[in-house]
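Participant: Just so it is clear, I am handing over protein03.cif, which has mmCIF, C-alpha atoms and all ligand atoms.
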data_coords
loop_
_atom_site.label_atom_id
_atom_site.label_comp_id
_atom_site.auth_asym_id
_atom_site.auth_seq_id
_atom_site.Cartn_x
_atom_site.Cartn_y
_atom_site.Cartn_z
CA MET A 616 14.53 -15.07 7.33
CA GLN A 617 14.50 -17.34 4.27
CA LYS A 618 12.63 -20.05 6.23
CA ILE A 619 9.80 -17.67 7.08
CA PHE A 620 9.46 -16.62 3.43
CA GLU A 621 9.50 -20.28 2.37
CA GLN A 622 6.67 -21.12 4.78
CA TYR A 623 4.53 -18.80 2.63
CA HIS A 624 5.95 -20.14 -0.66
CA ILE A 625 7.81 -16.92 -1.38
CA GLU A 626 11.07 -17.63 -3.19
CA LEU A 627 13.69 -14.92 -3.10
CA SER A 628 17.20 -14.76 -4.58
CA PRO A 629 20.22 -14.47 -2.24
CA LYS A 630 20.57 -10.83 -3.37
CA GLU A 631 16.96 -10.09 -2.43
CA ILE A 632 17.37 -11.79 0.95
CA GLU A 633 20.45 -9.62 1.53
CA LYS A 634 18.37 -6.51 0.79
CA PHE A 635 15.61 -7.64 3.18
CA GLU A 636 18.24 -8.24 5.91
CA LYS A 637 19.57 -4.69 5.46
CA PHE A 638 16.04 -3.32 5.34
CA LEU A 639 15.19 -5.17 8.57
CA THR A 640 18.16 -3.58 10.36
CA ILE A 641 17.23 -0.09 9.11
CA PHE A 642 13.55 -0.61 9.95
CA MET A 643 14.33 -1.76 13.51
CA GLU A 644 16.74 1.14 14.12
CA THR A 645 14.27 3.69 12.77
CA ASN A 646 11.33 2.14 14.61
CA ALA A 647 13.21 2.54 17.89
CA GLN A 648 13.52 6.27 17.17
CA ILE A 649 10.26 7.35 15.56
CA ASN A 650 7.74 4.59 16.27
CA LEU A 651 6.74 3.36 12.84
CA SER A 652 5.07 0.18 14.05
CA ALA A 653 4.01 -1.61 17.23
CA ILE A 654 5.56 -4.79 15.80
CA ARG A 655 9.14 -4.83 17.07
CA GLU A 656 10.28 -8.42 17.19
CA ARG A 657 12.43 -9.64 14.27
CA ASP A 658 10.40 -12.69 13.16
CA ALA A 659 7.11 -10.83 13.60
CA ILE A 660 8.37 -7.98 11.39
CA ILE A 661 9.38 -10.47 8.71
CA GLU A 662 6.03 -12.25 8.83
CA LYS A 663 3.55 -9.46 9.48
CA HIS A 664 5.23 -6.76 7.40
CA PHE A 665 7.55 -8.33 4.79
CA VAL A 666 5.56 -11.49 3.94
CA ASP A 667 2.24 -9.65 4.08
CA SER A 668 3.51 -6.95 1.70
CA LEU A 669 4.79 -9.55 -0.77
CA MET A 670 1.48 -11.46 -0.89
CA LEU A 671 0.42 -9.19 -3.76
CA SER A 672 3.27 -10.35 -6.00
CA ALA A 673 1.92 -13.91 -5.92
CA LEU A 674 -1.56 -12.71 -6.97
CA TYR A 675 -1.01 -9.92 -9.46
CA ASP A 676 1.57 -8.82 -12.04
CA VAL A 677 2.98 -5.67 -10.50
CA GLU A 678 3.92 -3.41 -13.42
CA GLY A 679 4.11 0.18 -14.66
CA LYS A 680 3.82 3.10 -12.28
CA VAL A 681 2.78 2.14 -8.76
CA ALA A 682 1.76 4.31 -5.78
CA ASP A 683 1.63 3.16 -2.15
CA LEU A 684 -0.83 5.48 -0.45
CA GLY A 685 -0.34 5.86 3.32
CA THR A 686 2.92 3.94 3.24
CA GLY A 687 3.65 4.83 6.91
CA GLY A 688 6.55 2.61 7.94
CA TRP A 689 6.99 1.78 4.24
CA PHE A 690 4.57 -1.14 3.75
CA PRO A 691 3.76 -2.64 1.36
CA GLY A 692 5.81 -0.25 -0.83
CA ILE A 693 9.43 -1.09 0.04
CA PRO A 694 9.14 -4.92 0.02
CA LEU A 695 7.31 -4.74 -3.33
CA ALA A 696 9.97 -2.39 -4.70
CA ILE A 697 12.75 -4.79 -3.65
CA VAL A 698 11.27 -7.69 -5.63
CA ASN A 699 10.10 -5.57 -8.60
CA PRO A 700 13.19 -3.49 -9.45
CA GLU A 701 11.87 -2.64 -12.94
CA VAL A 702 8.68 -1.03 -11.58
CA GLU A 703 8.56 2.63 -10.45
CA PHE A 704 7.21 3.08 -6.91
CA THR A 705 5.95 6.31 -5.35
CA LEU A 706 5.49 6.13 -1.59
CA ILE A 707 2.96 8.69 -0.36
CA ASP A 708 2.26 9.71 3.23
CA SER A 709 1.16 12.87 4.99
CA VAL A 710 3.72 12.45 7.79
CA ALA A 711 7.08 13.85 6.67
CA LYS A 712 9.26 12.16 9.29
CA LYS A 713 8.16 8.70 8.13
CA LEU A 714 9.26 9.42 4.58
CA LYS A 715 12.42 11.39 5.30
CA CYS A 716 14.32 8.24 6.32
CA VAL A 717 13.40 6.44 3.08
CA ASP A 718 15.35 8.99 1.07
CA SER A 719 18.45 8.20 3.10
CA PHE A 720 18.31 4.40 2.88
CA ILE A 721 17.24 3.78 -0.74
CA ASP A 722 20.89 4.26 -1.82
CA GLU A 723 22.06 1.79 0.77
CA LEU A 724 19.60 -0.82 -0.47
CA GLY A 725 20.35 0.03 -4.12
CA LEU A 726 16.69 0.88 -4.75
CA LEU A 727 16.70 3.09 -7.80
CA ASN A 728 12.96 2.64 -8.35
CA VAL A 729 11.53 4.42 -5.29
CA GLU A 730 10.55 8.03 -4.75
CA THR A 731 8.65 9.63 -1.91
CA VAL A 732 5.89 12.24 -1.85
CA ILE A 733 4.84 13.99 1.33
CA GLY A 734 1.20 15.04 1.24
CA ARG A 735 -2.40 14.17 1.84
CA ALA A 736 -4.20 12.14 -0.79
CA GLU A 737 -6.97 14.76 -0.97
CA ASP A 738 -4.38 17.36 -2.07
CA ILE A 739 -1.73 15.68 -4.18
CA TRP A 740 -4.11 14.44 -6.90
CA GLN A 741 -4.36 18.07 -8.08
CA ASP A 742 -0.75 17.86 -9.27
CA ALA A 743 -0.57 16.60 -12.89
CA ASP A 744 2.26 14.22 -11.90
CA HIS A 745 -0.22 12.29 -9.76
CA ARG A 746 -3.66 12.84 -11.27
CA GLU A 747 -4.91 9.70 -13.06
CA SER A 748 -1.31 8.66 -13.62
CA TYR A 749 -0.85 5.35 -11.76
CA ASP A 750 -1.29 1.85 -13.18
CA LEU A 751 -1.63 0.36 -9.71
CA VAL A 752 -2.30 1.89 -6.32
CA VAL A 753 -1.66 -0.23 -3.24
CA SER A 754 -2.59 0.63 0.33
CA ARG A 755 -2.54 -1.19 3.66
CA ALA A 756 -4.22 -0.10 6.90
CA THR A 757 -4.58 3.51 5.74
CA ALA A 758 -8.30 4.27 6.27
CA TYR A 759 -11.85 2.95 6.37
CA PHE A 760 -12.47 1.44 2.94
CA PRO A 761 -15.08 3.91 1.57
CA THR A 762 -12.80 6.79 2.69
CA LEU A 763 -9.86 5.09 1.03
CA LEU A 764 -11.71 4.79 -2.27
CA GLU A 765 -12.11 8.54 -2.39
CA TYR A 766 -8.39 8.99 -1.71
CA VAL A 767 -7.30 6.53 -4.36
CA LEU A 768 -9.67 6.99 -7.26
CA PRO A 769 -8.28 10.30 -8.55
CA LEU A 770 -4.76 8.84 -8.67
CA LEU A 771 -5.50 5.78 -10.82
CA LYS A 772 -5.56 5.69 -14.62
CA VAL A 773 -8.86 4.47 -16.08
CA GLY A 774 -8.73 0.72 -16.70
CA TRP A 775 -6.19 0.12 -13.93
CA VAL A 776 -6.28 -1.37 -10.52
CA PHE A 777 -6.42 -0.57 -6.81
CA ALA A 778 -5.17 -3.40 -4.54
CA ALA A 779 -6.31 -2.80 -0.95
CA TYR A 780 -4.83 -4.88 1.87
CA LYS A 781 -7.66 -5.39 4.36
CA LEU A 782 -8.57 -7.44 7.39
CA THR A 783 -11.90 -9.27 7.14
CA ASP A 784 -14.77 -6.98 8.17
CA LYS A 785 -18.18 -7.75 6.68
CA GLU A 786 -19.75 -4.38 7.53
CA GLU A 787 -16.83 -2.54 5.92
CA LEU A 788 -17.04 -4.65 2.79
CA THR A 789 -20.82 -4.10 2.46
CA SER A 790 -20.37 -0.31 2.78
CA THR A 791 -17.54 -0.49 0.27
CA LYS A 792 -19.72 -2.27 -2.28
CA LYS A 793 -22.39 0.45 -1.87
CA ALA A 794 -19.79 3.21 -2.29
CA LEU A 795 -18.38 1.49 -5.37
CA LYS A 796 -21.83 1.26 -6.93
CA ARG A 797 -22.25 5.00 -6.48
CA LEU A 798 -18.89 5.62 -8.07
CA GLY A 799 -19.56 3.24 -10.96
CA TRP A 800 -16.78 0.85 -9.96
CA LYS A 801 -16.83 -2.75 -8.88
CA ILE A 802 -14.76 -5.29 -7.01
CA MET A 803 -12.88 -7.57 -9.44
CA LYS A 804 -11.88 -10.17 -6.88
CA VAL A 805 -11.06 -10.68 -3.22
CA LYS A 806 -8.12 -12.94 -2.40
CA ASN A 807 -8.00 -14.40 1.11
CA TYR A 808 -4.93 -15.66 2.91
CA GLU A 809 -3.95 -16.51 6.44
CA LEU A 810 -1.01 -14.84 8.09
CA ALA A 811 0.14 -15.59 11.62
CA GLY A 812 -3.30 -17.09 12.38
CA GLN A 813 -5.13 -14.00 11.11
CA ASP A 814 -7.54 -13.84 8.18
CA ARG A 815 -6.43 -11.24 5.64
CA ASN A 816 -7.53 -10.12 2.18
CA ILE A 817 -6.35 -8.23 -0.82
CA VAL A 818 -9.32 -6.61 -2.53
CA PHE A 819 -8.80 -5.79 -6.22
CA ILE A 820 -10.85 -2.97 -7.72
CA GLU A 821 -10.71 -1.85 -11.34
CA LYS A 822 -11.26 1.80 -12.17
CA ILE A 823 -13.75 1.55 -15.00
CA ALA A 824 -14.61 5.22 -15.54
CA PRO A 825 -12.95 8.62 -15.07
CA THR A 826 -13.36 10.16 -11.63
CA HIS A 827 -16.25 12.61 -11.28
CA LYS A 828 -15.12 16.21 -10.75
CA LYS A 829 -16.69 16.34 -7.29
CA TYR A 830 -14.24 13.73 -5.91
CA PRO A 831 -12.19 13.87 -3.84
CA ARG A 832 -13.92 16.30 -1.57
CA LYS A 833 -11.83 18.68 0.56
CA VAL A 834 -9.31 17.49 3.16
CA TRP A 835 -10.84 15.57 6.11
CA ILE A 836 -14.33 15.31 4.52
CA PRO A 837 -13.74 11.78 3.10
CA LEU A 838 -12.63 10.75 6.59
CA LYS A 839 -15.50 12.38 8.51
CA ASP A 840 -18.26 11.69 5.99
CA PRO A 841 -17.36 8.64 3.85
CA ILE A 842 -19.27 7.95 0.61
CA VAL A 843 -21.87 5.24 1.22
N1 LIG B 901 0.70 1.22 5.20
C1 LIG B 901 1.46 1.18 6.42
C2 LIG B 901 1.05 2.27 7.41
C3 LIG B 901 -0.36 2.23 7.91
S1 LIG B 901 -0.72 3.55 9.07
C4 LIG B 901 1.37 -0.19 7.04
O1 LIG B 901 0.52 -0.98 6.64
O2 LIG B 901 2.16 -0.50 7.94
C5 LIG B 901 -1.59 4.66 8.01
C6 LIG B 901 -0.71 5.68 7.32
O3 LIG B 901 -1.52 6.36 6.38
C7 LIG B 901 -0.15 6.73 8.28
O4 LIG B 901 1.24 6.82 8.15
C8 LIG B 901 -0.85 8.03 7.86
O5 LIG B 901 -0.01 9.16 7.95
C9 LIG B 901 -1.21 7.75 6.39
N2 LIG B 901 -2.41 8.46 5.90
C10 LIG B 901 -3.68 8.38 6.43
N3 LIG B 901 -4.52 9.17 5.72
C11 LIG B 901 -3.79 9.74 4.71
C12 LIG B 901 -4.10 10.65 3.65
N4 LIG B 901 -5.32 11.13 3.48
N5 LIG B 901 -3.10 11.00 2.81
C13 LIG B 901 -1.84 10.54 2.98
N6 LIG B 901 -1.47 9.68 3.97
C14 LIG B 901 -2.44 9.28 4.83
#
Let's see the structure in the file written out as structure tokens.
Facilitator:
Amino acid sequence: MQKIFEQYHIELSPKEIEKFEKFLTIFMETNAQINLSAIRERDAIIEKHFVDSLMLSALYDVEGKVADLGTGGWFPGIPLAIVNPEVEFTLIDSVAKKLKCVDSFIDELGLLNVETVIGRAEDIWQDADHRESYDLVVSRATAYFPTLLEYVLPLLKVGWVFAAYKLTDKEELTSTKKALKRLGWKIMKVKNYELAGQDRNIVFIEKIAPTHKKYPRKVWIPLKDPIV
């Protein structure tokens, strides 16, 4: 495992490697039962899930209160939580069975900084615990980018950052820029990297103004009719 991390210049302590080994075992056992991911082979899980999740740490100071929206099989949330034990992570997903297992293994991994919230992004922002209360929202492979913006913007504090893990798709990025213009936001930077021969990006967006009352629209509307 360490060799794969080193290939990507990610240095972890022996304690962290031990946690990733335990996490790998739990992930593979759970994936066999409830199908969290199509990636099932050990080295591929390390590279495409663990390394990919940790790419953010090399690019940005992860601090404060962080939400992982659409955490699914717990990426990038759990790997980031392992290497940032002082940061509070909230893993959000609408599918209860994916989150239920996290509650049982965080003790085993000694992760005192992770909590889970079951719900849809379009609903949970109405709760004061979530509304404009996160310093960083991360999300990987959750939705079409303009849809995702509408999910994320009500959760972020003004002046703070959304880090979206995205594959390269020019049409999606153009639509995202249009949507951002409408919302009064802009892309701060796009960081490219290559992972297992695939071109990937983390797109950083700063929330520069409070969210307009009309967003997010009701459940399913951001998905069916994205802002563009
Ligand atoms: N981030 C993970 C999972 C991606 S699959 C990874 O990269 O491996 C997308 C996940 O987003 C699914 O688990 C789905 O339930 C969740 N999701 C999609 N739309 C959502 C919404 N509006 N609110 C909450 N969760 C959502």
Participant: Can you check which parts of chain A lie within 8 Å of ligand LIG 901 (chain B)? Per residue, the shortest pair of atoms and distance in Å to one decimal, counting all atoms listed in the file, sorted by chain and number, as JSON lines.
Facilitator:
{"residue": "A:Leu651", "atom": "CA", "partner": "B:LIG901", "partner_atom": "O2", "distance": 7.7}
{"residue": "A:Ser652", "atom": "CA", "partner": "B:LIG901", "partner_atom": "O2", "distance": 6.8}
{"residue": "A:His664", "atom": "CA", "partner": "B:LIG901", "partner_atom": "O2", "distance": 7.0}
{"residue": "A:Asp683", "atom": "CA", "partner": "B:LIG901", "partner_atom": "N1", "distance": 7.7}
{"residue": "A:Leu684", "atom": "CA", "partner": "B:LIG901", "partner_atom": "N6", "distance": 6.1}
{"residue": "A:Gly685", "atom": "CA", "partner": "B:LIG901", "partner_atom": "O3", "distance": 3.3}
{"residue": "A:Thr686", "atom": "CA", "partner": "B:LIG901", "partner_atom": "N1", "distance": 4.0}
{"residue": "A:Gly687", "atom": "CA", "partner": "B:LIG901", "partner_atom": "O4", "distance": 3.4}
{"residue": "A:Gly688", "atom": "CA", "partner": "B:LIG901", "partner_atom": "O2", "distance": 5.4}
{"residue": "A:Trp689", "atom": "CA", "partner": "B:LIG901", "partner_atom": "C1", "distance": 6.0}
{"residue": "A:Phe690", "atom": "CA", "partner": "B:LIG901", "partner_atom": "C4", "distance": 4.7}
{"residue": "A:Pro691", "atom": "CA", "partner": "B:LIG901", "partner_atom": "N1", "distance": 6.2}
{"residue": "A:Ile707", "atom": "CA", "partner": "B:LIG901", "partner_atom": "C13", "distance": 6.1}
{"residue": "A:Asp708", "atom": "CA", "partner": "B:LIG901", "partner_atom": "N6", "distance": 3.8}
{"residue": "A:Ser709", "atom": "CA", "partner": "B:LIG901", "partner_atom": "N6", "distance": 4.3}
{"residue": "A:Val710", "atom": "CA", "partner": "B:LIG901", "partner_atom": "O5", "distance": 5.0}
{"residue": "A:Lys713", "atom": "CA", "partner": "B:LIG901", "partner_atom": "O4", "distance": 7.2}
{"residue": "A:Ile733", "atom": "CA", "partner": "B:LIG901", "partner_atom": "C13", "distance": 7.7}
{"residue": "A:Gly734", "atom": "CA", "partner": "B:LIG901", "partner_atom": "C13", "distance": 5.7}
{"residue": "A:Arg735", "atom": "CA", "partner": "B:LIG901", "partner_atom": "N5", "distance": 3.4}
{"residue": "A:Ala736", "atom": "CA", "partner": "B:LIG901", "partner_atom": "N5", "distance": 3.9}
{"residue": "A:Glu737", "atom": "CA", "partner": "B:LIG901", "partner_atom": "N4", "distance": 6.0}
{"residue": "A:Ser754", "atom": "CA", "partner": "B:LIG901", "partner_atom": "N1", "distance": 5.9}
{"residue": "A:Arg755", "atom": "CA", "partner": "B:LIG901", "partner_atom": "O1", "distance": 4.3}
{"residue": "A:Ala756", "atom": "CA", "partner": "B:LIG901", "partner_atom": "C3", "distance": 4.6}
{"residue": "A:Thr757", "atom": "CA", "partner": "B:LIG901", "partner_atom": "C5", "distance": 3.9}
{"residue": "A:Ala758", "atom": "CA", "partner": "B:LIG901", "partner_atom": "C10", "distance": 6.2}
{"residue": "A:Leu763", "atom": "CA", "partner": "B:LIG901", "partner_atom": "N4", "distance": 7.9}
{"residue": "A:Tyr766", "atom": "CA", "partner": "B:LIG901", "partner_atom": "N4", "distance": 6.4}
{"residue": "A:Val834", "atom": "CA", "partner": "B:LIG901", "partner_atom": "N4", "distance": 7.5}
{"residue": "A:Trp835", "atom": "CA", "partner": "B:LIG901", "partner_atom": "N4", "distance": 7.6}
{"residue": "A:Leu838", "atom": "CA", "partner": "B:LIG901", "partner_atom": "N4", "distance": 8.0}
Participant: Identify, on the basis of all atoms listed in the file, every residue whose closest approach to Leu810 in chain A does not exceed 9 Å; exclude the query and any residue fewer than 3 positions from it along the same chain; express the result as an NGL selection string.
Facilitator: :A and (623 or 662-663 or 666-667 or 813-815)
Participant: Restricting the calculation to only C-alpha atoms: of A:Ile823, A:Pro841, A:Lys804, A:Ser719, which residue gets closest to Phe760 in chain A?
Facilitator: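 Once distances to Phe760 in chain A are computed over only C-alpha atoms, the minimum belongs to A:Pro841.
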Participant: For a quick check of understanding, using only C-alpha atoms, which of A:Trp775, A:Tyr808, A:Phe704, A:Phe665 has the smallest distance to Val681 in chain A?
Facilitator: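 That would be A:Phe704, the residue with the smallest distance to Val681 in chain A.
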Participant: Name the closest residue to Arg797 in chain A among the candidates A:Val753, A:Val843, A:Leu770, A:Ile817; distances are taken between atoms, counting only C-alpha atoms.
Facilitator: A:Val843
Participant: Quick one: distance from CA of Gly799 in chain A to CA of Tyr780 in chain A in Å, one decimal?
Facilitator: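 Interatomic distance, CA of Gly799 in chain A to CA of Tyr780 in chain A: 21.2 Å.
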Participant: Using all atoms listed in the file, pick whichever of A:Val702, A:Val818, A:Met643, A:Leu726 has the shortest atom-to-atom distance to Leu674 in chain A.
Facilitator: A:Val818
Participant: Could you please determine the separation between CA of Asn816 in chain A and CA of Lys781 in chain A in Å, to one decimal place?
Facilitator: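 A separation of 5.2 Å between them.
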Participant: I'd like the contact shell of Ser628 in chain A - 10 Å cut-off, all atoms listed in the file, skipping same-chain residues fewer than 5 positions apart - returned as a PyMOL selection string.
Facilitator: chain A and resi 617+633-634+698
Participant: Which residues are near Phe819 in chain A? Cut-off 8 Å, all atoms listed in the file, ignore same chain within fewer than 5 positions. Put them as a PDB file with C-alpha atoms, keeping the file's coordinate frame.
Facilitator:
ATOM      1  CA  VAL A 776      -6.280  -1.370 -10.520  1.00  0.00           C
ATOM      2  CA  PHE A 777      -6.420  -0.570  -6.810  1.00  0.00           C
ATOM      3  CA  ALA A 778      -5.170  -3.400  -4.540  1.00  0.00           C
ATOM      4  CA  ALA A 779      -6.310  -2.800  -0.950  1.00  0.00           C
ATOM      5  CA  ILE A 802     -14.760  -5.290  -7.010  1.00  0.00           C
ATOM      6  CA  MET A 803     -12.880  -7.570  -9.440  1.00  0.00           C
ATOM      7  CA  LYS A 804     -11.880 -10.170  -6.880  1.00  0.00           C
ATOM      8  CA  VAL A 805     -11.060 -10.680  -3.220  1.00  0.00           C
TER       9      VAL A 805
END
